[in-house]
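Participant: The structure file entry09.pdb (PDB, C-alpha atoms, pLDDT in the B column) is provided below.
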ATOM      1  CA  MET A   1     -15.771   6.045 -11.411  1.00 68.00           C
ATOM      2  CA  HIS A   2     -15.776   8.912  -8.951  1.00 79.00           C
ATOM      3  CA  LEU A   3     -13.987   8.348  -5.658  1.00 88.00           C
ATOM      4  CA  SER A   4     -14.738  11.079  -3.125  1.00 91.00           C
ATOM      5  CA  GLU A   5     -13.129  11.512   0.280  1.00 90.00           C
ATOM      6  CA  LYS A   6     -16.081   9.678   1.868  1.00 93.00           C
ATOM      7  CA  THR A   7     -16.270   6.809  -0.622  1.00 94.00           C
ATOM      8  CA  ARG A   8     -16.045   3.516   1.303  1.00 96.00           C
ATOM      9  CA  VAL A   9     -13.910   0.663   0.022  1.00 96.00           C
ATOM     10  CA  VAL A  10     -13.765  -2.975   1.144  1.00 96.00           C
ATOM     11  CA  VAL A  11     -12.646  -6.266  -0.408  1.00 96.00           C
ATOM     12  CA  ALA A  12     -15.363  -8.225  -2.196  1.00 95.00           C
ATOM     13  CA  ARG A  13     -16.626 -11.558  -0.916  1.00 92.00           C
ATOM     14  CA  ASP A  14     -16.003 -13.546  -4.107  1.00 91.00           C
ATOM     15  CA  GLN A  15     -12.209 -13.540  -3.872  1.00 94.00           C
ATOM     16  CA  VAL A  16      -9.390 -15.321  -2.122  1.00 94.00           C
ATOM     17  CA  ALA A  17      -5.998 -13.764  -1.472  1.00 95.00           C
ATOM     18  CA  CYS A  18      -2.646 -14.927  -0.169  1.00 94.00           C
ATOM     19  CA  ASP A  19       0.642 -13.250   0.640  1.00 93.00           C
ATOM     20  CA  VAL A  20       3.616 -14.189  -1.521  1.00 91.00           C
ATOM     21  CA  ALA A  21       6.845 -12.589  -0.324  1.00 89.00           C
ATOM     22  CA  GLU A  22       5.890  -8.894   0.033  1.00 90.00           C
ATOM     23  CA  GLU A  23       3.170  -9.105  -2.595  1.00 95.00           C
ATOM     24  CA  VAL A  24      -0.410 -10.389  -2.666  1.00 96.00           C
ATOM     25  CA  VAL A  25      -2.039 -12.717  -5.172  1.00 96.00           C
ATOM     26  CA  VAL A  26      -5.817 -12.419  -5.462  1.00 96.00           C
ATOM     27  CA  LEU A  27      -8.096 -14.951  -7.137  1.00 94.00           C
ATOM     28  CA  ASN A  28     -11.471 -13.761  -8.407  1.00 94.00           C
ATOM     29  CA  LEU A  29     -13.624 -16.812  -7.674  1.00 93.00           C
ATOM     30  CA  ALA A  30     -16.283 -15.827 -10.214  1.00 91.00           C
ATOM     31  CA  SER A  31     -13.910 -15.456 -13.165  1.00 93.00           C
ATOM     32  CA  GLY A  32     -11.068 -17.739 -12.079  1.00 93.00           C
ATOM     33  CA  VAL A  33      -8.545 -15.007 -12.890  1.00 94.00           C
ATOM     34  CA  TYR A  34      -5.513 -14.286 -10.674  1.00 94.00           C
ATOM     35  CA  TYR A  35      -4.236 -10.781 -10.005  1.00 96.00           C
ATOM     36  CA  GLY A  36      -0.930  -9.738  -8.460  1.00 96.00           C
ATOM     37  CA  LEU A  37      -0.390  -6.721  -6.241  1.00 97.00           C
ATOM     38  CA  ASN A  38       3.030  -5.189  -5.624  1.00 96.00           C
ATOM     39  CA  PRO A  39       4.082  -4.311  -2.048  1.00 96.00           C
ATOM     40  CA  VAL A  40       2.213  -0.987  -2.024  1.00 95.00           C
ATOM     41  CA  GLY A  41      -0.868  -2.600  -3.557  1.00 97.00           C
ATOM     42  CA  ALA A  42      -0.544  -5.353  -0.953  1.00 97.00           C
ATOM     43  CA  ARG A  43      -0.546  -2.707   1.793  1.00 97.00           C
ATOM     44  CA  VAL A  44      -3.728  -1.174   0.357  1.00 97.00           C
ATOM     45  CA  TRP A  45      -5.244  -4.666   0.198  1.00 97.00           C
ATOM     46  CA  SER A  46      -4.461  -5.254   3.870  1.00 96.00           C
ATOM     47  CA  LEU A  47      -6.000  -1.904   4.817  1.00 97.00           C
ATOM     48  CA  ILE A  48      -9.276  -2.611   2.997  1.00 97.00           C
ATOM     49  CA  GLN A  49      -9.930  -5.907   4.735  1.00 96.00           C
ATOM     50  CA  GLN A  50     -12.182  -3.673   6.831  1.00 97.00           C
ATOM     51  CA  PRO A  51     -14.256  -0.912   5.197  1.00 97.00           C
ATOM     52  CA  ARG A  52     -12.346   2.363   4.942  1.00 97.00           C
ATOM     53  CA  THR A  53     -12.975   5.664   3.254  1.00 97.00           C
ATOM     54  CA  PHE A  54     -10.788   6.897   0.434  1.00 97.00           C
ATOM     55  CA  ALA A  55      -9.584   9.684   2.737  1.00 97.00           C
ATOM     56  CA  GLU A  56      -8.604   7.176   5.455  1.00 97.00           C
ATOM     57  CA  LEU A  57      -6.644   5.111   2.941  1.00 97.00           C
ATOM     58  CA  ARG A  58      -4.901   8.155   1.486  1.00 97.00           C
ATOM     59  CA  ASP A  59      -3.983   9.568   4.890  1.00 97.00           C
ATOM     60  CA  GLN A  60      -2.638   6.235   6.161  1.00 98.00           C
ATOM     61  CA  LEU A  61      -0.507   5.727   3.062  1.00 98.00           C
ATOM     62  CA  LEU A  62       0.831   9.290   3.246  1.00 97.00           C
ATOM     63  CA  GLN A  63       2.029   8.522   6.776  1.00 97.00           C
ATOM     64  CA  GLU A  64       3.753   5.314   5.661  1.00 97.00           C
ATOM     65  CA  TYR A  65       5.347   6.354   2.355  1.00 96.00           C
ATOM     66  CA  GLU A  66       7.381   9.338   1.237  1.00 95.00           C
ATOM     67  CA  VAL A  67       5.335  10.459  -1.739  1.00 95.00           C
ATOM     68  CA  GLU A  68       3.584  13.609  -2.901  1.00 96.00           C
ATOM     69  CA  SER A  69      -0.088  13.704  -2.002  1.00 95.00           C
ATOM     70  CA  ALA A  70      -1.256  14.356  -5.586  1.00 96.00           C
ATOM     71  CA  SER A  71       0.794  11.448  -6.935  1.00 96.00           C
ATOM     72  CA  LEU A  72      -0.436   9.092  -4.223  1.00 97.00           C
ATOM     73  CA  GLU A  73      -4.056  10.100  -4.788  1.00 96.00           C
ATOM     74  CA  ALA A  74      -3.786   9.502  -8.536  1.00 96.00           C
ATOM     75  CA  ASP A  75      -2.140   6.102  -8.057  1.00 96.00           C
ATOM     76  CA  LEU A  76      -4.630   5.086  -5.360  1.00 97.00           C
ATOM     77  CA  ARG A  77      -7.586   6.086  -7.537  1.00 96.00           C
ATOM     78  CA  ALA A  78      -6.152   4.081 -10.444  1.00 96.00           C
ATOM     79  CA  LEU A  79      -5.574   1.001  -8.268  1.00 97.00           C
ATOM     80  CA  LEU A  80      -9.023   1.118  -6.670  1.00 97.00           C
ATOM     81  CA  THR A  81     -10.691   1.651 -10.046  1.00 95.00           C
ATOM     82  CA  GLU A  82      -8.865  -1.359 -11.499  1.00 95.00           C
ATOM     83  CA  LEU A  83      -9.745  -3.538  -8.495  1.00 96.00           C
ATOM     84  CA  ALA A  84     -13.387  -2.448  -8.739  1.00 95.00           C
ATOM     85  CA  ASP A  85     -13.449  -3.115 -12.500  1.00 94.00           C
ATOM     86  CA  GLN A  86     -12.242  -6.658 -11.781  1.00 93.00           C
ATOM     87  CA  ARG A  87     -14.877  -6.999  -9.023  1.00 93.00           C
ATOM     88  CA  LEU A  88     -12.255  -7.609  -6.361  1.00 96.00           C
ATOM     89  CA  ILE A  89     -13.479  -4.750  -4.158  1.00 96.00           C
ATOM     90  CA  GLU A  90     -16.786  -3.079  -3.367  1.00 95.00           C
ATOM     91  CA  ILE A  91     -17.072   0.698  -3.493  1.00 94.00           C
ATOM     92  CA  THR A  92     -19.992   2.591  -1.964  1.00 93.00           C
ATOM     93  CA  ALA A  93     -20.714   6.301  -1.812  1.00 85.00           C
TER      94      ALA A  93
END
Let me see whether you can do it: turn the structure in this file into structure tokens.
Facilitator:
Amino acid sequence: MHLSEKTRVVVARDQVACDVAEEVVVLNLASGVYYGLNPVGARVWSLIQQPRTFAELRDQLLQEYEVESASLEADLRALLTELADQRLIEITA
């Protein structure tokens, strides 16, 4: 899956999520499978409650965390790809 700077990301409708400590647990209503997100994943999840571009997500996270841009981009792409594969988010060009 190709994620460009302008790719828009938002949570899917067929899921339910709740905060647990500093993490988030997401239930895919279609499959009945639960997924856990660590604190950084939980922050991404909170940001994509409203549609955002990949660039907006990256830039916001770079402001909040001390991490190299290339490393953050790779990790963010991996997380978003996994969430999309599990149909927990919607990605549009």
Participant: Please return the centre and edge lengths, in Å to one decimal, of a box with edges along x, y and z that contains all listed atoms of region 65-77 of chain A, widened by 8 Å on every side, as lines of an AutoDock Vina configuration file.
Facilitator:
center_x = -0.1
center_y = 9.7
center_z = -3.1
size_x = 31.0
size_y = 25.3
size_z = 26.9
Participant: Measuring between all atoms listed in the file, which one of A:Ala30, A:Ala74, A:Ala12, A:Leu88 shows the shortest distance to Phe54 (chain A)?
Facilitator: A:Ala74
Participant: Go ahead and compute the interatomic distance for CA of Gly32 (chain A) and CA of Gln50 (chain A), in Å to one decimal.
Facilitator: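 CA of Gln50 (chain A) lies at a distance of 23.6 Å from CA of Gly32 (chain A).
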Participant: Counting all atoms listed in the file, which residue out of A:Ser46, A:Thr92, A:Leu76, A:Tyr34 sits closest to Leu62 (chain A)?
Facilitator: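 Of A:Ser46, A:Thr92, A:Leu76, A:Tyr34, the one nearest Leu62 (chain A) is A:Leu76, counting all atoms listed in the file.
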Participant: Which neighbours of Leu37 (chain A) fall inside 10 Å, counting only C-alpha atoms, when residues of the same chain fewer than 2 positions from it are skipped, and could you give them as JSON, numbers by chain?
Facilitator: {"A": [19, 20, 22, 23, 24, 25, 26, 35, 39, 40, 41, 42, 43, 44, 45, 79]}
Participant: Please save C-alpha atoms of the selected residues as a PDB file, in the coordinates of the input.
Facilitator:
ATOM      1  CA  ASP A  19       0.642 -13.250   0.640  1.00 93.00           C
ATOM      2  CA  VAL A  20       3.616 -14.189  -1.521  1.00 91.00           C
ATOM      3  CA  GLU A  22       5.890  -8.894   0.033  1.00 90.00           C
ATOM      4  CA  GLU A  23       3.170  -9.105  -2.595  1.00 95.00           C
ATOM      5  CA  VAL A  24      -0.410 -10.389  -2.666  1.00 96.00           C
ATOM      6  CA  VAL A  25      -2.039 -12.717  -5.172  1.00 96.00           C
ATOM      7  CA  VAL A  26      -5.817 -12.419  -5.462  1.00 96.00           C
ATOM      8  CA  TYR A  35      -4.236 -10.781 -10.005  1.00 96.00           C
ATOM      9  CA  PRO A  39       4.082  -4.311  -2.048  1.00 96.00           C
ATOM     10  CA  VAL A  40       2.213  -0.987  -2.024  1.00 95.00           C
ATOM     11  CA  GLY A  41      -0.868  -2.600  -3.557  1.00 97.00           C
ATOM     12  CA  ALA A  42      -0.544  -5.353  -0.953  1.00 97.00           C
ATOM     13  CA  ARG A  43      -0.546  -2.707   1.793  1.00 97.00           C
ATOM     14  CA  VAL A  44      -3.728  -1.174   0.357  1.00 97.00           C
ATOM     15  CA  TRP A  45      -5.244  -4.666   0.198  1.00 97.00           C
ATOM     16  CA  LEU A  79      -5.574   1.001  -8.268  1.00 97.00           C
TER      17      LEU A  79
END
Participant: Between A:Ser4, A:Ala78, A:Gly36, A:Glu66, which is the closest to Cys18 (chain A) once you count all atoms listed in the file?
Facilitator: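 Distance minimum relative to Cys18 (chain A) lands on A:Gly36.
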